file protein-v2.cif (mmCIF, C-alpha atoms and all ligand atoms)
data_work
loop_
_atom_site.group_PDB
_atom_site.id
_atom_site.type_symbol
_atom_site.label_atom_id
_atom_site.label_comp_id
_atom_site.auth_asym_id
_atom_site.auth_seq_id
_atom_site.Cartn_x
_atom_site.Cartn_y
_atom_site.Cartn_z
ATOM 1 C CA MET G 305 -76.923 -14.984 28.167
ATOM 2 C CA VAL G 306 -78.157 -11.391 27.847
ATOM 3 C CA HIS G 307 -81.895 -10.879 27.206
ATOM 4 C CA THR G 308 -82.468 -8.193 24.614
ATOM 5 C CA THR G 309 -86.166 -7.278 24.967
ATOM 6 C CA ALA G 310 -86.765 -4.224 27.201
ATOM 7 C CA PRO G 311 -87.772 -5.710 30.560
ATOM 8 C CA ALA G 312 -90.644 -4.342 32.629
ATOM 9 C CA CYS G 313 -89.567 -2.508 35.750
ATOM 10 C CA SER G 314 -90.505 0.397 37.935
ATOM 11 C CA PRO G 315 -87.166 1.782 39.033
ATOM 12 C CA ASN G 316 -87.218 3.506 42.377
ATOM 13 C CA ILE G 317 -83.556 3.036 43.254
ATOM 14 C CA ALA G 318 -80.770 2.982 40.665
ATOM 15 C CA ILE G 319 -77.094 2.236 41.013
ATOM 16 C CA LEU G 320 -74.621 3.987 38.767
ATOM 17 C CA GLY G 321 -71.430 1.954 38.446
ATOM 18 C CA ALA G 322 -71.706 -1.824 38.194
ATOM 19 C CA GLY G 323 -68.274 -2.636 39.617
ATOM 20 C CA ALA G 324 -67.796 -4.771 42.719
ATOM 21 C CA ILE G 325 -69.183 -2.196 45.197
ATOM 22 C CA GLY G 326 -72.054 -1.191 42.865
ATOM 23 C CA GLN G 327 -73.143 -4.821 42.440
ATOM 24 C CA LEU G 328 -72.729 -5.455 46.180
ATOM 25 C CA MET G 329 -75.038 -2.528 46.940
ATOM 26 C CA TYR G 330 -77.481 -3.853 44.321
ATOM 27 C CA HIS G 331 -77.640 -7.290 45.990
ATOM 28 C CA GLN G 332 -77.890 -5.780 49.478
ATOM 29 C CA LEU G 333 -80.707 -3.416 48.487
ATOM 30 C CA CYS G 334 -82.622 -6.145 46.608
ATOM 31 C CA HIS G 335 -82.439 -8.640 49.452
ATOM 32 C CA THR G 336 -83.040 -6.613 52.572
ATOM 33 C CA SER G 337 -85.457 -9.291 53.800
ATOM 34 C CA PRO G 338 -84.861 -13.002 53.031
ATOM 35 C CA ASN G 339 -87.029 -14.557 50.285
ATOM 36 C CA GLN G 340 -88.482 -11.156 49.467
ATOM 37 C CA PRO G 341 -86.405 -9.558 46.752
ATOM 38 C CA SER G 342 -87.340 -5.974 45.937
ATOM 39 C CA HIS G 343 -87.968 -5.397 42.248
ATOM 40 C CA ASP G 344 -87.522 -1.642 42.187
ATOM 41 C CA VAL G 345 -83.711 -1.621 42.189
ATOM 42 C CA VAL G 346 -81.860 -1.333 38.856
ATOM 43 C CA LEU G 347 -78.336 -0.813 37.622
ATOM 44 C CA ILE G 348 -77.685 1.964 35.120
ATOM 45 C CA SER G 349 -75.988 0.754 31.994
ATOM 46 C CA ARG G 350 -73.428 2.615 29.874
ATOM 47 C CA GLN G 351 -75.503 1.617 26.831
ATOM 48 C CA SER G 352 -78.508 3.516 25.575
ATOM 49 C CA HIS G 353 -80.931 0.549 25.611
ATOM 50 C CA THR G 354 -82.286 -1.386 28.583
ATOM 51 C CA GLN G 355 -81.605 -5.096 28.994
ATOM 52 C CA LEU G 356 -81.764 -7.908 31.520
ATOM 53 C CA GLN G 357 -78.385 -9.021 32.836
ATOM 54 C CA PRO G 358 -77.945 -12.308 34.695
ATOM 55 C CA LEU G 359 -75.912 -11.671 37.869
ATOM 56 C CA ARG G 360 -74.239 -14.104 40.229
ATOM 57 C CA PHE G 361 -73.569 -13.205 43.845
ATOM 58 C CA THR G 362 -71.533 -15.178 46.372
ATOM 59 C CA ASP G 363 -72.635 -13.917 49.764
ATOM 60 C CA ILE G 364 -70.414 -13.584 52.837
ATOM 61 C CA LYS G 365 -71.346 -17.161 53.900
ATOM 62 C CA GLY G 366 -70.314 -18.523 50.499
ATOM 63 C CA GLN G 367 -73.880 -19.113 49.250
ATOM 64 C CA ILE G 368 -74.432 -18.404 45.570
ATOM 65 C CA HIS G 369 -77.469 -16.429 44.347
ATOM 66 C CA ASN G 370 -78.461 -15.942 40.714
ATOM 67 C CA THR G 371 -80.656 -13.023 39.682
ATOM 68 C CA ASP G 372 -81.597 -11.144 36.537
ATOM 69 C CA ALA G 373 -80.876 -7.448 37.024
ATOM 70 C CA VAL G 374 -82.373 -4.703 34.909
ATOM 71 C CA LEU G 375 -79.605 -2.656 33.298
ATOM 72 C CA LEU G 376 -81.437 0.575 32.591
ATOM 73 C CA GLY G 377 -80.152 2.258 29.428
ATOM 74 C CA THR G 378 -79.210 5.934 29.401
ATOM 75 C CA LYS G 379 -82.001 6.669 26.890
ATOM 76 C CA ASP G 380 -84.713 4.839 28.853
ATOM 77 C CA PRO G 381 -87.468 7.347 29.830
ATOM 78 C CA ARG G 382 -87.949 5.390 33.093
ATOM 79 C CA LEU G 383 -84.803 7.143 34.392
ATOM 80 C CA ASN G 384 -87.343 9.821 35.251
ATOM 81 C CA GLU G 385 -88.863 7.481 37.893
ATOM 82 C CA VAL G 386 -85.587 7.053 39.803
ATOM 83 C CA LYS G 387 -85.962 8.565 43.307
ATOM 84 C CA LEU G 388 -82.594 7.490 44.683
ATOM 85 C CA LEU G 389 -79.370 7.214 42.722
ATOM 86 C CA LEU G 390 -76.449 5.513 44.410
ATOM 87 C CA VAL G 391 -73.238 6.511 42.628
ATOM 88 C CA CYS G 392 -70.632 3.760 43.000
ATOM 89 C CA VAL G 393 -68.162 4.701 40.243
ATOM 90 C CA LYS G 394 -64.575 5.675 41.082
ATOM 91 C CA ALA G 395 -64.013 9.272 42.211
ATOM 92 C CA TYR G 396 -62.450 10.261 38.871
ATOM 93 C CA GLN G 397 -65.518 8.972 36.963
ATOM 94 C CA VAL G 398 -68.216 10.690 39.050
ATOM 95 C CA GLU G 399 -68.580 13.950 37.126
ATOM 96 C CA GLU G 400 -68.521 12.408 33.652
ATOM 97 C CA ALA G 401 -70.933 9.603 34.575
ATOM 98 C CA LEU G 402 -73.366 11.557 36.746
ATOM 99 C CA ILE G 403 -73.754 15.104 35.457
ATOM 100 C CA PRO G 404 -75.292 14.170 32.041
ATOM 101 C CA LEU G 405 -77.884 12.051 33.890
ATOM 102 C CA LEU G 406 -79.132 14.743 36.291
ATOM 103 C CA SER G 407 -81.734 16.225 33.936
ATOM 104 C CA LYS G 408 -83.099 12.734 33.104
ATOM 105 C CA LEU G 409 -83.790 11.679 36.712
ATOM 106 C CA SER G 410 -86.924 12.410 38.724
ATOM 107 C CA PRO G 411 -86.984 16.122 39.708
ATOM 108 C CA GLN G 412 -87.053 14.864 43.346
ATOM 109 C CA CYS G 413 -84.214 12.384 42.905
ATOM 110 C CA HIS G 414 -81.748 12.109 45.765
ATOM 111 C CA ILE G 415 -78.118 11.274 44.999
ATOM 112 C CA ILE G 416 -75.665 9.407 47.197
ATOM 113 C CA LEU G 417 -71.954 9.486 46.336
ATOM 114 C CA LEU G 418 -70.062 6.454 47.638
ATOM 115 C CA HIS G 419 -66.413 6.442 46.630
ATOM 116 C CA ASN G 420 -62.927 6.593 48.095
ATOM 117 C CA GLY G 421 -61.442 10.075 48.399
ATOM 118 C CA LEU G 422 -62.945 13.532 48.325
ATOM 119 C CA GLY G 423 -63.553 16.188 45.708
ATOM 120 C CA PRO G 424 -66.387 15.284 43.302
ATOM 121 C CA HIS G 425 -69.043 16.566 45.761
ATOM 122 C CA ILE G 426 -67.951 20.138 44.913
ATOM 123 C CA ALA G 427 -68.719 19.872 41.179
ATOM 124 C CA VAL G 428 -71.822 17.740 41.800
ATOM 125 C CA SER G 429 -73.337 20.205 44.282
ATOM 126 C CA THR G 430 -72.770 23.017 41.742
ATOM 127 C CA ALA G 431 -74.363 20.923 38.976
ATOM 128 C CA LEU G 432 -77.388 20.274 41.229
ATOM 129 C CA ARG G 433 -78.238 23.981 41.593
ATOM 130 C CA PRO G 434 -80.722 23.991 38.656
ATOM 131 C CA TYR G 435 -82.589 21.077 40.341
ATOM 132 C CA PRO G 436 -83.740 22.577 43.652
ATOM 133 C CA GLU G 437 -85.781 19.524 44.680
ATOM 134 C CA GLN G 438 -82.888 17.098 44.307
ATOM 135 C CA GLY G 439 -80.505 16.468 47.211
ATOM 136 C CA LEU G 440 -77.035 15.093 47.862
ATOM 137 C CA THR G 441 -75.836 12.655 50.528
ATOM 138 C CA LEU G 442 -72.168 11.713 50.825
ATOM 139 C CA GLY G 443 -70.824 8.490 52.185
ATOM 140 C CA THR G 444 -68.120 5.933 52.511
ATOM 141 C CA THR G 445 -68.220 2.191 53.038
ATOM 142 C CA SER G 446 -65.736 -0.348 54.258
ATOM 143 C CA LEU G 447 -67.789 -3.254 52.919
ATOM 144 C CA ALA G 448 -65.579 -5.221 50.558
ATOM 145 C CA ALA G 449 -66.334 -7.238 47.433
ATOM 146 C CA LEU G 450 -64.246 -8.965 44.824
ATOM 147 C CA ALA G 451 -65.160 -9.278 41.156
ATOM 148 C CA ILE G 452 -64.867 -12.949 40.145
ATOM 149 C CA ASN G 453 -65.801 -11.811 36.641
ATOM 150 C CA GLN G 454 -67.758 -8.844 35.273
ATOM 151 C CA TRP G 455 -71.133 -10.090 36.518
ATOM 152 C CA HIS G 456 -70.170 -12.311 39.441
ATOM 153 C CA ILE G 457 -69.030 -10.729 42.677
ATOM 154 C CA LYS G 458 -68.134 -12.183 46.035
ATOM 155 C CA HIS G 459 -68.876 -10.328 49.279
ATOM 156 C CA THR G 460 -65.481 -10.544 51.002
ATOM 157 C CA GLY G 461 -65.694 -8.188 53.974
ATOM 158 C CA VAL G 462 -68.194 -6.688 56.355
ATOM 159 C CA GLY G 463 -67.732 -3.190 57.743
ATOM 160 C CA VAL G 464 -69.428 0.088 58.403
ATOM 161 C CA THR G 465 -71.202 2.343 55.890
ATOM 162 C CA GLN G 466 -71.175 6.008 56.983
ATOM 163 C CA LEU G 467 -73.521 8.492 55.347
ATOM 164 C CA GLY G 468 -74.698 12.039 55.873
ATOM 165 C CA HIS G 469 -76.677 14.761 54.161
ATOM 166 C CA TYR G 470 -74.563 17.315 52.277
ATOM 167 C CA CYS G 471 -76.885 19.712 50.389
ATOM 168 C CA GLY G 472 -80.303 20.174 48.826
ATOM 169 C CA HIS G 473 -83.392 18.285 49.921
ATOM 170 C CA PRO G 474 -82.809 15.681 52.638
ATOM 171 C CA LEU G 475 -83.296 12.005 51.823
ATOM 172 C CA ALA G 476 -86.976 11.032 52.134
ATOM 173 C CA ASN G 477 -87.815 8.822 55.130
ATOM 174 C CA HIS G 478 -88.824 5.764 53.084
ATOM 175 C CA LEU G 479 -85.534 5.869 51.133
ATOM 176 C CA HIS G 480 -83.569 6.407 54.352
ATOM 177 C CA ALA G 481 -85.298 3.250 55.662
ATOM 178 C CA ARG G 482 -84.401 1.291 52.499
ATOM 179 C CA ILE G 483 -80.707 2.154 52.953
ATOM 180 C CA GLN G 484 -80.871 1.467 56.683
ATOM 181 C CA ALA G 485 -82.310 -1.985 55.963
ATOM 182 C CA ILE G 486 -78.963 -3.189 54.589
ATOM 183 C CA ALA G 487 -77.514 -2.845 58.098
ATOM 184 C CA SER G 488 -76.846 -5.826 60.331
ATOM 185 C CA GLN G 489 -74.857 -6.287 63.520
ATOM 186 C CA GLU G 490 -71.630 -6.871 61.571
ATOM 187 C CA GLN G 491 -72.281 -4.176 58.972
ATOM 188 C CA PRO G 492 -73.850 -1.113 60.566
ATOM 189 C CA VAL G 493 -75.098 1.890 58.631
ATOM 190 C CA GLU G 494 -74.314 5.134 60.495
ATOM 191 C CA TRP G 495 -75.663 8.607 59.770
ATOM 192 C CA HIS G 496 -73.363 11.524 60.581
ATOM 193 C CA GLN G 497 -73.824 15.264 60.623
ATOM 194 C CA PRO G 498 -71.712 17.007 59.458
ATOM 195 C CA VAL G 499 -70.687 14.253 57.092
ATOM 196 C CA LEU G 500 -67.435 15.871 55.910
ATOM 197 C CA ALA G 501 -65.727 15.132 59.244
ATOM 198 C CA VAL G 502 -66.169 11.351 58.780
ATOM 199 C CA LEU G 503 -65.106 11.589 55.146
ATOM 200 C CA TRP G 504 -61.864 13.360 56.189
ATOM 201 C CA GLN G 505 -61.278 10.558 58.709
ATOM 202 C CA LYS G 506 -61.696 7.958 55.971
ATOM 203 C CA LEU G 507 -59.494 10.142 53.729
ATOM 204 C CA ALA G 508 -56.720 9.779 56.328
ATOM 205 C CA VAL G 509 -56.989 5.973 56.137
ATOM 206 C CA ASN G 510 -56.734 6.067 52.354
ATOM 207 C CA ALA G 511 -54.032 8.787 52.312
ATOM 208 C CA VAL G 512 -51.776 6.502 54.355
ATOM 209 C CA ILE G 513 -52.577 2.985 53.154
ATOM 210 C CA ASN G 514 -53.232 3.496 49.458
ATOM 211 C CA PRO G 515 -50.101 5.348 48.238
ATOM 212 C CA LEU G 516 -47.693 3.540 50.578
ATOM 213 C CA THR G 517 -48.905 0.066 49.552
ATOM 214 C CA ALA G 518 -48.923 1.101 45.881
ATOM 215 C CA LEU G 519 -45.388 2.530 45.996
ATOM 216 C CA HIS G 520 -43.892 -0.248 48.145
ATOM 217 C CA GLN G 521 -45.937 -2.977 46.419
ATOM 218 C CA CYS G 522 -46.960 -4.539 49.689
ATOM 219 C CA ALA G 523 -50.045 -5.786 51.540
ATOM 220 C CA ASN G 524 -51.719 -3.359 53.966
ATOM 221 C CA GLY G 525 -50.308 -5.206 57.010
ATOM 222 C CA GLN G 526 -46.707 -4.378 56.123
ATOM 223 C CA LEU G 527 -47.364 -0.728 56.982
ATOM 224 C CA ALA G 528 -47.433 -1.721 60.677
ATOM 225 C CA ASP G 529 -43.618 -2.020 60.454
ATOM 226 C CA ASP G 530 -41.710 0.657 62.380
ATOM 227 C CA GLU G 531 -39.995 1.925 59.226
ATOM 228 C CA TYR G 532 -43.294 3.536 58.081
ATOM 229 C CA ARG G 533 -44.236 5.121 61.419
ATOM 230 C CA GLU G 534 -42.619 8.535 60.872
ATOM 231 C CA GLN G 535 -44.017 8.923 57.367
ATOM 232 C CA ILE G 536 -47.486 7.904 58.556
ATOM 233 C CA THR G 537 -47.326 10.528 61.332
ATOM 234 C CA LEU G 538 -46.327 13.221 58.832
ATOM 235 C CA ILE G 539 -49.107 12.304 56.368
ATOM 236 C CA ILE G 540 -51.671 12.509 59.163
ATOM 237 C CA ASN G 541 -50.320 15.748 60.672
ATOM 238 C CA GLU G 542 -50.400 17.487 57.291
ATOM 239 C CA LEU G 543 -53.959 16.251 56.682
ATOM 240 C CA VAL G 544 -55.113 17.440 60.113
ATOM 241 C CA ALA G 545 -53.708 20.954 59.448
ATOM 242 C CA VAL G 546 -55.446 21.176 56.055
ATOM 243 C CA ALA G 547 -58.737 19.839 57.427
ATOM 244 C CA GLN G 548 -58.594 22.449 60.201
ATOM 245 C CA CYS G 549 -58.344 25.237 57.595
ATOM 246 C CA ASP G 550 -61.402 23.641 55.926
ATOM 247 C CA GLY G 551 -63.252 23.934 59.259
ATOM 248 C CA ILE G 552 -62.907 20.249 60.221
ATOM 249 C CA GLU G 553 -61.339 19.486 63.623
ATOM 250 C CA LEU G 554 -59.602 16.100 63.734
ATOM 251 C CA ASP G 555 -57.619 14.542 66.557
ATOM 252 C CA PRO G 556 -54.257 13.267 65.199
ATOM 253 C CA THR G 557 -53.909 10.659 67.972
ATOM 254 C CA LEU G 558 -57.353 9.159 67.348
ATOM 255 C CA LEU G 559 -56.781 9.324 63.610
ATOM 256 C CA THR G 560 -53.457 7.498 63.923
ATOM 257 C CA GLU G 561 -55.131 4.810 66.058
ATOM 258 C CA ARG G 562 -57.854 4.444 63.444
ATOM 259 C CA VAL G 563 -55.337 4.118 60.599
ATOM 260 C CA TYR G 564 -53.395 1.406 62.486
ATOM 261 C CA LYS G 565 -56.653 -0.385 63.310
ATOM 262 C CA VAL G 566 -57.565 -0.535 59.602
ATOM 263 C CA ILE G 567 -54.016 -1.690 58.773
ATOM 264 C CA ALA G 568 -54.443 -4.539 61.300
ATOM 265 C CA LEU G 569 -58.000 -5.435 60.206
ATOM 266 C CA THR G 570 -57.059 -5.510 56.520
ATOM 267 C CA SER G 571 -53.492 -6.769 56.962
ATOM 268 C CA ALA G 572 -53.730 -9.485 54.314
ATOM 269 C CA ASN G 573 -55.483 -7.219 51.777
ATOM 270 C CA PHE G 574 -53.929 -5.416 48.864
ATOM 271 C CA SER G 575 -55.345 -1.895 48.739
ATOM 272 C CA SER G 576 -57.407 -0.651 45.832
ATOM 273 C CA MET G 577 -54.528 1.623 44.766
ATOM 274 C CA TYR G 578 -52.021 -1.253 44.909
ATOM 275 C CA GLN G 579 -54.387 -3.159 42.610
ATOM 276 C CA ASP G 580 -54.955 -0.215 40.281
ATOM 277 C CA VAL G 581 -51.198 0.279 39.887
ATOM 278 C CA THR G 582 -50.586 -3.462 39.417
ATOM 279 C CA HIS G 583 -53.256 -3.650 36.692
ATOM 280 C CA HIS G 584 -52.114 -0.360 35.053
ATOM 281 C CA ARG G 585 -55.454 1.299 35.801
ATOM 282 C CA THR G 586 -56.105 4.946 36.663
ATOM 283 C CA THR G 587 -55.696 5.474 40.417
ATOM 284 C CA GLU G 588 -57.733 7.666 42.780
ATOM 285 C CA ILE G 589 -54.595 9.537 43.911
ATOM 286 C CA ASP G 590 -55.921 12.938 42.712
ATOM 287 C CA TYR G 591 -58.900 12.512 45.076
ATOM 288 C CA ILE G 592 -56.884 11.232 48.055
ATOM 289 C CA ASN G 593 -53.418 12.774 48.634
ATOM 290 C CA GLY G 594 -54.071 15.002 45.599
ATOM 291 C CA TYR G 595 -57.187 16.410 47.294
ATOM 292 C CA ILE G 596 -55.176 17.189 50.440
ATOM 293 C CA CYS G 597 -52.632 19.051 48.241
ATOM 294 C CA GLN G 598 -55.397 20.923 46.415
ATOM 295 C CA ARG G 599 -56.999 22.121 49.668
ATOM 296 C CA ALA G 600 -53.530 22.929 51.092
ATOM 297 C CA GLN G 601 -52.769 25.085 48.058
ATOM 298 C CA HIS G 602 -56.099 26.862 48.539
ATOM 299 C CA HIS G 603 -55.136 27.672 52.149
ATOM 300 C CA LYS G 604 -51.485 28.443 51.219
ATOM 301 C CA LEU G 605 -50.189 25.549 53.340
ATOM 302 C CA ASN G 606 -47.229 23.309 52.551
ATOM 303 C CA VAL G 607 -47.855 19.548 52.568
ATOM 304 C CA PRO G 608 -44.558 18.152 51.247
ATOM 305 C CA VAL G 609 -45.141 14.530 52.282
ATOM 306 C CA ASN G 610 -48.585 14.267 50.699
ATOM 307 C CA GLN G 611 -47.322 16.180 47.650
ATOM 308 C CA CYS G 612 -44.421 13.774 47.214
ATOM 309 C CA LEU G 613 -46.738 10.726 47.466
ATOM 310 C CA ALA G 614 -49.223 12.259 45.010
ATOM 311 C CA THR G 615 -46.460 12.997 42.491
ATOM 312 C CA LYS G 616 -44.839 9.575 42.835
ATOM 313 C CA VAL G 617 -48.098 7.625 42.447
ATOM 314 C CA ALA G 618 -49.184 9.806 39.496
ATOM 315 C CA SER G 619 -45.870 9.004 37.778
ATOM 316 C CA LEU G 620 -46.590 5.259 38.029
ATOM 317 C CA SER G 621 -49.535 5.344 35.634
HETATM 318 O O1 LIG F 1 -58.980 1.563 49.158
HETATM 319 C C1 LIG F 1 -58.870 0.568 49.885
HETATM 320 O O2 LIG F 1 -58.211 -0.419 49.567
HETATM 321 C C2 LIG F 1 -59.620 0.543 51.209
HETATM 322 O O3 LIG F 1 -60.383 1.725 51.303
HETATM 323 C C3 LIG F 1 -58.737 0.389 52.449
HETATM 324 C C4 LIG F 1 -59.549 0.752 53.670
HETATM 325 C C5 LIG F 1 -57.502 1.246 52.369
HETATM 326 C C6 LIG F 1 -58.377 -1.060 52.700
HETATM 327 O O4 LIG F 1 -57.582 -1.632 51.720
#
call {"tool": "encode", "arguments": {"input": "protein-v2.cif", "output": "structure tokens"}}
result
Amino acid sequence: MVHTTAPACSPNIAILGAGAIGQLMYHQLCHTSPNQPSHDVVLISRQSHTQLQPLRFTDIKGQIHNTDAVLLGTKDPRLNEVKLLLVCVKAYQVEEALIPLLSKLSPQCHIILLHNGLGPHIAVSTALRPYPEQGLTLGTTSLAALAINQWHIKHTGVGVTQLGHYCGHPLANHLHARIQAIASQEQPVEWHQPVLAVLWQKLAVNAVINPLTALHQCANGQLADDEYREQITLIINELVAVAQCDGIELDPTLLTERVYKVIALTSANFSSMYQDVTHHRTTEIDYINGYICQRAQHHKLNVPVNQCLATKVASLS
């Protein structure tokens, strides 16, 4: 049941994007210490009015938690109190969802982008120029969650969350501590400077696993077969050359090891792009292999393997 009266709240941290990762971040940030939920975390709704939304969360141990989350409406003046906005929408939704909100947030609001792929940080950093006290952190997470239904998610995988400052004001210490508090031994939170190097490394993982599993309709583990080895090497070599022109030095051997490690660790999983293609949803291809092609074009480099994958996946939707 959805409560319709505007609930009281004092939103310090807001999450934009209430999909599986957005809700997972919500639950993690609310319950950083057991039996002591924080009441300053809200989700931002697509609707103009604010409402309470019952949420169900199955944690990694299988325990079920029920909470009422505040879904802050886009016309709610309390958007102006938000000091940290965690953007968990898909890469292709970032600009449309975030840019209209910038003027409504606290003038000191810090933004964290957490999505697969690269690209939206360029438009977002440009859009932040009129707000000199705001700041931008970029990140990636390998935490995994599955949507049981729209408002019930299950935490299905632990992993690392990697973050780093990109531009504008740095993240305030107390907000840094709030994010850090979601870390545990199995799910560390790492801070990297410069952050783009770790995002290119994660881009390599996605540039291999996502299009190949989507095109071959297979689980991640199948990519360990020898038949994919040459193509995987070519994808990585092209990416390393483009990253180098962007000022990012990557080691192709270490990158290949990392990609195969993720393939092994997630062998039974079906990648997000496999699932997007299967469910006829928009894919993030333009921000993964498409981003590599875009940067290659900028540097007048040829990346035929990534180009071919980008074109083939785009033609599926
Ligand atoms: O997009 C995904 O599915 C994931 O980022 C990854 C790491 C490729 C595992 O499936």
call {"tool": "residues_near_ligand", "arguments": {"input": "protein-v2.cif", "ligand": "ligand LIG 1 (chain F)", "cutoff": "7 Å", "atoms": "only C-alpha atoms and all ligand atoms", "output": "list of chain:residue names"}}
result
G:Asn420, G:Ser446, G:Val509, G:Asn510, G:Ile513, G:Asn514, G:Asn524, G:Val566, G:Thr570, G:Asn573, G:Phe574, G:Ser575, G:Ser576, G:Met577
call {"tool": "write_last_selection", "arguments": {"input": "protein-v2.cif", "atoms": "C-alpha atoms", "output": "PDB file, keeping the file's coordinate frame"}}
result
ATOM      1  CA  ASN G 420     -62.927   6.593  48.095  1.00  0.00           C
ATOM      2  CA  SER G 446     -65.736  -0.348  54.258  1.00  0.00           C
ATOM      3  CA  VAL G 509     -56.989   5.973  56.137  1.00  0.00           C
ATOM      4  CA  ASN G 510     -56.734   6.067  52.354  1.00  0.00           C
ATOM      5  CA  ILE G 513     -52.577   2.985  53.154  1.00  0.00           C
ATOM      6  CA  ASN G 514     -53.232   3.496  49.458  1.00  0.00           C
ATOM      7  CA  ASN G 524     -51.719  -3.359  53.966  1.00  0.00           C
ATOM      8  CA  VAL G 566     -57.565  -0.535  59.602  1.00  0.00           C
ATOM      9  CA  THR G 570     -57.059  -5.510  56.520  1.00  0.00           C
ATOM     10  CA  ASN G 573     -55.483  -7.219  51.777  1.00  0.00           C
ATOM     11  CA  PHE G 574     -53.929  -5.416  48.864  1.00  0.00           C
ATOM     12  CA  SER G 575     -55.345  -1.895  48.739  1.00  0.00           C
ATOM     13  CA  SER G 576     -57.407  -0.651  45.832  1.00  0.00           C
ATOM     14  CA  MET G 577     -54.528   1.623  44.766  1.00  0.00           C
TER      15      MET G 577
END
call {"tool": "atom_distance", "arguments": {"input": "protein-v2.cif", "atom1": "atom CA of G:Leu388", "atom2": "atom CA of G:Thr587"}}
result
27.3 Å
call {"tool": "closest_residue", "arguments": {"input": "protein-v2.cif", "among": "G:Val391, G:Val544, G:Leu516, G:Leu605", "to": "G:Ile317", "atoms": "all atoms listed in the file"}}
result
G:Val391
call {"tool": "resolve_selection", "arguments": {"input": "protein-v2.cif", "expression": "the PyMOL selection byres (((chain G and resi 561) around 12) and not hetatm)", "output": "PyMOL selection string"}}
result
chain G and resi 505+508-509+528+533+536-537+540+555-560+562-568
call {"tool": "closest_residue", "arguments": {"input": "protein-v2.cif", "among": "G:Pro434, G:Pro498, G:Gly421, G:Pro381", "to": "G:Lys408", "atoms": "only C-alpha atoms"}}
result
G:Pro381
call {"tool": "resolve_selection", "arguments": {"input": "protein-v2.cif", "expression": "the PyMOL selection byres (((chain G and resi 482) around 12) and not hetatm)", "output": "VMD selection string"}}
result
chain G and resid 316 to 317 329 to 330 332 to 337 342 344 to 345 387 to 388 475 to 481 483 to 487 493
call {"tool": "closest_residue", "arguments": {"input": "protein-v2.cif", "among": "G:Ile348, G:Cys612, G:Ile452, G:Ala324", "to": "G:Ala401", "atoms": "all atoms listed in the file"}}
result
G:Ile348
call {"tool": "resolve_selection", "arguments": {"input": "protein-v2.cif", "expression": "the PyMOL selection byres (((chain G and resi 321) around 6) and not hetatm)", "output": "PDB file with C-alpha atoms, in the coordinates of the input"}}
result
ATOM      1  CA  LEU G 320     -74.621   3.987  38.767  1.00  0.00           C
ATOM      2  CA  ALA G 322     -71.706  -1.824  38.194  1.00  0.00           C
ATOM      3  CA  GLY G 323     -68.274  -2.636  39.617  1.00  0.00           C
ATOM      4  CA  GLY G 326     -72.054  -1.191  42.865  1.00  0.00           C
ATOM      5  CA  CYS G 392     -70.632   3.760  43.000  1.00  0.00           C
ATOM      6  CA  VAL G 393     -68.162   4.701  40.243  1.00  0.00           C
TER       7      VAL G 393
END
call {"tool": "atom_distance", "arguments": {"input": "protein-v2.cif", "atom1": "atom CA of G:Lys365", "atom2": "atom CA of G:His583"}}
result
28.4 Å
call {"tool": "closest_residue", "arguments": {"input": "protein-v2.cif", "among": "G:Ala451, G:Leu500, G:Tyr435, G:Glu494", "to": "G:Val464", "atoms": "only C-alpha atoms"}}
result
G:Glu494
call {"tool": "atom_distance", "arguments": {"input": "protein-v2.cif", "atom1": "atom CA of G:Ser410", "atom2": "atom CA of G:Ala312"}}
result
18.2 Å
call {"tool": "residues_around", "arguments": {"input": "protein-v2.cif", "residues": "G:Gly423", "least_positions_apart": "4", "cutoff": "10 Å", "atoms": "all atoms listed in the file", "output": "PyMOL selection string"}}
result
chain G and resi 395-396+398+427-428+590-592+594-596+598-599
call {"tool": "write_last_selection", "arguments": {"input": "protein-v2.cif", "atoms": "C-alpha atoms", "output": "compact mmCIF listing (two decimals), in the frame of the given file"}}
result
# COMPACT_ATOMS: atom_id res chain seq x y z
CA ALA G 395 -64.01 9.27 42.21
CA TYR G 396 -62.45 10.26 38.87
CA VAL G 398 -68.22 10.69 39.05
CA ALA G 427 -68.72 19.87 41.18
CA VAL G 428 -71.82 17.74 41.80
CA ASP G 590 -55.92 12.94 42.71
CA TYR G 591 -58.90 12.51 45.08
CA ILE G 592 -56.88 11.23 48.06
CA GLY G 594 -54.07 15.00 45.60
CA TYR G 595 -57.19 16.41 47.29
CA ILE G 596 -55.18 17.19 50.44
CA GLN G 598 -55.40 20.92 46.42
CA ARG G 599 -57.00 22.12 49.67
call {"tool": "closest_residue", "arguments": {"input": "protein-v2.cif", "among": "G:His459, G:His343, G:His331, G:Lys604", "to": "G:Pro315", "atoms": "only C-alpha atoms"}}
result
G:His343
call {"tool": "closest_residue", "arguments": {"input": "protein-v2.cif", "among": "G:Leu613, G:Ile589, G:Leu442, G:Ala501", "to": "G:Glu553", "atoms": "only C-alpha atoms"}}
result
G:Ala501
call {"tool": "decode", "arguments": {"input": "protein-v2.cif", "residues": "stretch 362-375 of chain G", "atoms": "C-alpha atoms", "output": "JSON list (two decimals), in the first residue's frame"}}
result
[["chain", "number", "residue", "atom", "x", "y", "z"],
["G", 362, "THR", "CA", 16.29, -9.69, 1.19],
["G", 363, "ASP", "CA", 19.82, -9.32, 2.49],
["G", 364, "ILE", "CA", 22.80, -11.44, 1.44],
["G", 365, "LYS", "CA", 22.04, -13.92, 4.29],
["G", 366, "GLY", "CA", 18.45, -14.31, 3.09],
["G", 367, "GLN", "CA", 16.90, -12.25, 5.91],
["G", 368, "ILE", "CA", 13.95, -10.11, 4.90],
["G", 369, "HIS", "CA", 13.63, -6.47, 6.04],
["G", 370, "ASN", "CA", 10.59, -4.26, 5.51],
["G", 371, "THR", "CA", 10.92, -0.48, 5.56],
["G", 372, "ASP", "CA", 8.96, 2.56, 4.45],
["G", 373, "ALA", "CA", 11.14, 4.70, 2.19],
["G", 374, "VAL", "CA", 10.46, 8.33, 1.42],
["G", 375, "LEU", "CA", 10.11, 8.82, -2.34]]
